[in-house]
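File shown: model-v4.txt (compact mmCIF, C-alpha atoms).
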# COMPACT_ATOMS: atom_id res chain seq x y z
CA MET A 184 -18.85 63.84 -11.63
CA GLU A 185 -18.55 66.40 -14.42
CA LYS A 186 -19.99 69.87 -14.00
CA GLU A 187 -22.49 70.98 -16.60
CA MET A 188 -20.96 73.49 -19.01
CA ALA A 189 -22.53 76.81 -19.85
CA GLN A 190 -24.16 77.30 -23.23
CA ASP A 191 -21.78 77.34 -26.21
CA LEU A 192 -20.30 80.68 -27.18
CA THR A 193 -19.75 81.72 -30.78
CA TRP A 194 -16.36 82.99 -31.94
CA ASP A 195 -17.91 86.40 -32.68
CA GLU A 196 -19.28 86.59 -29.13
CA PHE A 197 -15.88 85.68 -27.66
CA MET A 198 -14.13 88.31 -29.78
CA LYS A 199 -16.38 91.01 -28.26
CA VAL A 200 -14.72 90.43 -24.87
CA GLU A 201 -11.75 92.83 -24.67
CA MET A 202 -9.27 90.87 -22.52
CA VAL A 203 -5.94 92.66 -22.36
CA VAL A 204 -2.74 92.73 -20.32
CA GLY A 205 -1.99 95.62 -18.00
CA THR A 206 0.46 96.48 -15.23
CA ILE A 207 -0.74 97.34 -11.72
CA ILE A 208 0.62 100.81 -10.93
CA SER A 209 -1.05 101.27 -7.54
CA ALA A 210 -2.77 99.04 -5.00
CA GLU A 211 -4.11 99.83 -1.56
CA GLU A 212 -6.55 98.45 0.98
CA PHE A 213 -10.18 99.26 0.07
CA LYS A 214 -11.55 100.09 3.52
CA GLU A 215 -15.04 101.13 2.38
CA VAL A 216 -16.17 97.67 1.14
CA ARG A 217 -17.83 94.82 3.07
CA ASN A 218 -15.58 92.05 1.73
CA PRO A 219 -11.80 92.52 1.94
CA ALA A 220 -10.47 93.98 -1.32
CA TYR A 221 -7.84 96.24 -2.83
CA LYS A 222 -8.34 99.40 -4.90
CA MET A 223 -6.01 99.30 -7.87
CA ILE A 224 -5.04 101.33 -10.91
CA VAL A 225 -3.94 99.29 -13.93
CA ASP A 226 -1.96 100.70 -16.89
CA PHE A 227 -3.12 99.32 -20.25
CA GLY A 228 -0.62 101.26 -22.37
CA ASP A 229 -2.25 103.03 -25.32
CA LEU A 230 -5.67 102.05 -23.88
CA GLY A 231 -5.05 104.20 -20.79
CA THR A 232 -5.29 103.51 -17.08
CA ARG A 233 -8.33 102.09 -15.32
CA LYS A 234 -9.46 101.82 -11.71
CA THR A 235 -10.74 98.58 -10.26
CA SER A 236 -11.44 96.70 -7.06
CA ALA A 237 -10.28 93.12 -6.53
CA GLN A 238 -10.98 90.67 -3.70
CA ILE A 239 -7.47 89.23 -3.79
CA THR A 240 -6.39 89.90 -0.19
CA LYS A 241 -5.94 86.23 0.81
CA LEU A 242 -2.92 85.65 -1.46
CA TYR A 243 -1.55 89.12 -2.29
CA ASN A 244 0.00 92.07 -0.49
CA PRO A 245 -0.79 95.49 -2.05
CA LYS A 246 2.87 96.61 -2.08
CA LYS A 247 3.93 93.44 -3.93
CA LEU A 248 1.14 93.85 -6.51
CA VAL A 249 2.65 97.05 -7.94
CA GLY A 250 4.51 96.16 -11.13
CA LYS A 251 2.69 92.84 -11.69
CA GLN A 252 1.10 92.28 -15.07
CA VAL A 253 -2.47 90.98 -15.03
CA VAL A 254 -5.21 90.06 -17.50
CA ALA A 255 -8.40 92.13 -17.37
CA VAL A 256 -11.65 92.66 -19.24
CA ILE A 257 -11.88 96.34 -20.16
CA ASN A 258 -15.18 96.59 -22.03
CA PHE A 259 -17.69 95.94 -19.24
CA PRO A 260 -19.73 99.03 -18.32
CA PRO A 261 -18.31 100.88 -15.29
CA LYS A 262 -19.64 99.54 -11.97
CA GLN A 263 -19.99 101.45 -8.71
CA ILE A 264 -18.32 99.60 -5.83
CA ALA A 265 -18.69 101.60 -2.60
CA ASN A 266 -17.05 104.96 -3.42
CA LEU A 267 -15.10 103.65 -6.44
CA MET A 268 -16.23 103.48 -10.07
CA SER A 269 -14.66 100.21 -11.27
CA GLU A 270 -13.59 100.44 -14.93
CA CYS A 271 -12.25 96.93 -15.58
CA LEU A 272 -12.39 93.38 -14.24
CA VAL A 273 -9.06 91.79 -13.31
CA LEU A 274 -9.28 88.04 -13.96
CA GLY A 275 -8.28 85.25 -11.62
CA CYS A 276 -8.87 81.62 -10.75
CA VAL A 277 -11.22 81.01 -7.81
CA GLY A 278 -9.92 78.36 -5.41
CA ASP A 279 -11.84 76.02 -3.13
CA HIS A 280 -11.74 78.56 -0.28
CA LYS A 281 -12.63 81.53 -2.51
CA GLU A 282 -8.99 82.62 -2.72
CA ILE A 283 -8.17 84.29 -6.04
CA THR A 284 -5.02 83.53 -8.03
CA LEU A 285 -4.42 86.25 -10.62
CA LEU A 286 -4.12 85.38 -14.30
CA GLN A 287 -0.79 86.66 -15.58
CA PRO A 288 1.19 86.34 -18.82
CA GLU A 289 4.07 83.86 -18.72
CA ARG A 290 6.53 86.64 -19.59
CA LYS A 291 6.41 90.44 -19.72
CA VAL A 292 4.42 91.75 -22.70
CA LYS A 293 3.40 95.22 -23.86
CA ASN A 294 0.58 96.74 -21.82
CA GLY A 295 -2.63 96.64 -23.87
CA THR A 296 -1.75 93.32 -25.56
CA ARG A 297 -5.02 91.55 -26.39
CA ILE A 298 -5.76 88.04 -25.17
CA GLY A 299 -7.16 85.83 -27.91

Could you quickly redo this structure as structure tokens?
Amino acid sequence: MEKEMAQDLTWDEFMKVEMVVGTIISAEEFKEVRNPAYKMIVDFGDLGTRKTSAQITKLYNPKKLVGKQVVAVINFPPKQIANLMSECLVLGCVGDHKEITLLQPERKVKNGTRIG
């Protein structure tokens, strides 16, 4: 059975979403949240660094996250998550058991590279 798809998106609407590659430069357990998560800082090159929270604890260890490149949306408004102001949304695939697999470029690219 096919799932119903969301309403069609125009190319102009898609281009408004700033999806870029960044490198995780710090990751630690986020103890102040209800659902297990990590606090992270991601380096987006010329676009600067941004803080975020990610519920990726089922598949990832914070020490092994440092240095990984990820894909993130950087033009959402900041969102307060416990005592952290999240400044980007790291993207991942949601599995059947709500485990998140991070989206990553196939090979190393320059931080700040736009997804399109």

Write out as a VMD selection string which residues come within 12 Å of A:Glu289 when counting all atoms listed in the file, dropping same-chain ones fewer than 6 positions away. chain A and resid 204 251 to 254

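Proximity of A:Leu272, A:Ile207, A:Leu192, A:Val225 to A:Ala237, computed with only C-alpha atoms, is greatest for A:Leu272.
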
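Reported to one decimal place, the separation of atom CA of A:Gln287 from atom CA of A:Asn266 is 27.3 Å.
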
Among the residues A:Ile264, A:Ser269, A:Leu242, A:Lys293, the one that comes closest to A:Ile224 [using only C-alpha atoms]: A:Ser269

Nearest to A:Gly295 by atom-to-atom distance, counting all atoms listed in the file, from A:Tyr243, A:Tyr221, A:Phe227, A:Trp194: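 Closest residue, counting all atoms listed in the file: A:Phe227.
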
Go ahead and compute the interatomic distance for atom CA of A:Lys234 and atom CA of A:Ala255, in Å to one decimal.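 The value is 11.3 Å.
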
Axis-aligned box for all listed atoms of stretch 191-209 of chain A, 3 Å per side, centre and edges in Å to one decimal, as JSON:
{"center_x": -10.6, "center_y": 89.3, "center_z": -20.1, "size_x": 28.4, "size_y": 29.9, "size_z": 31.1}

May I ask which of the residues A:Val273, A:Ala265, A:Ile239, A:Val200 is the closest one to A:Lys214, counting all atoms listed in the file?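 Counting all atoms listed in the file, the residue closest to A:Lys214 is A:Ala265.
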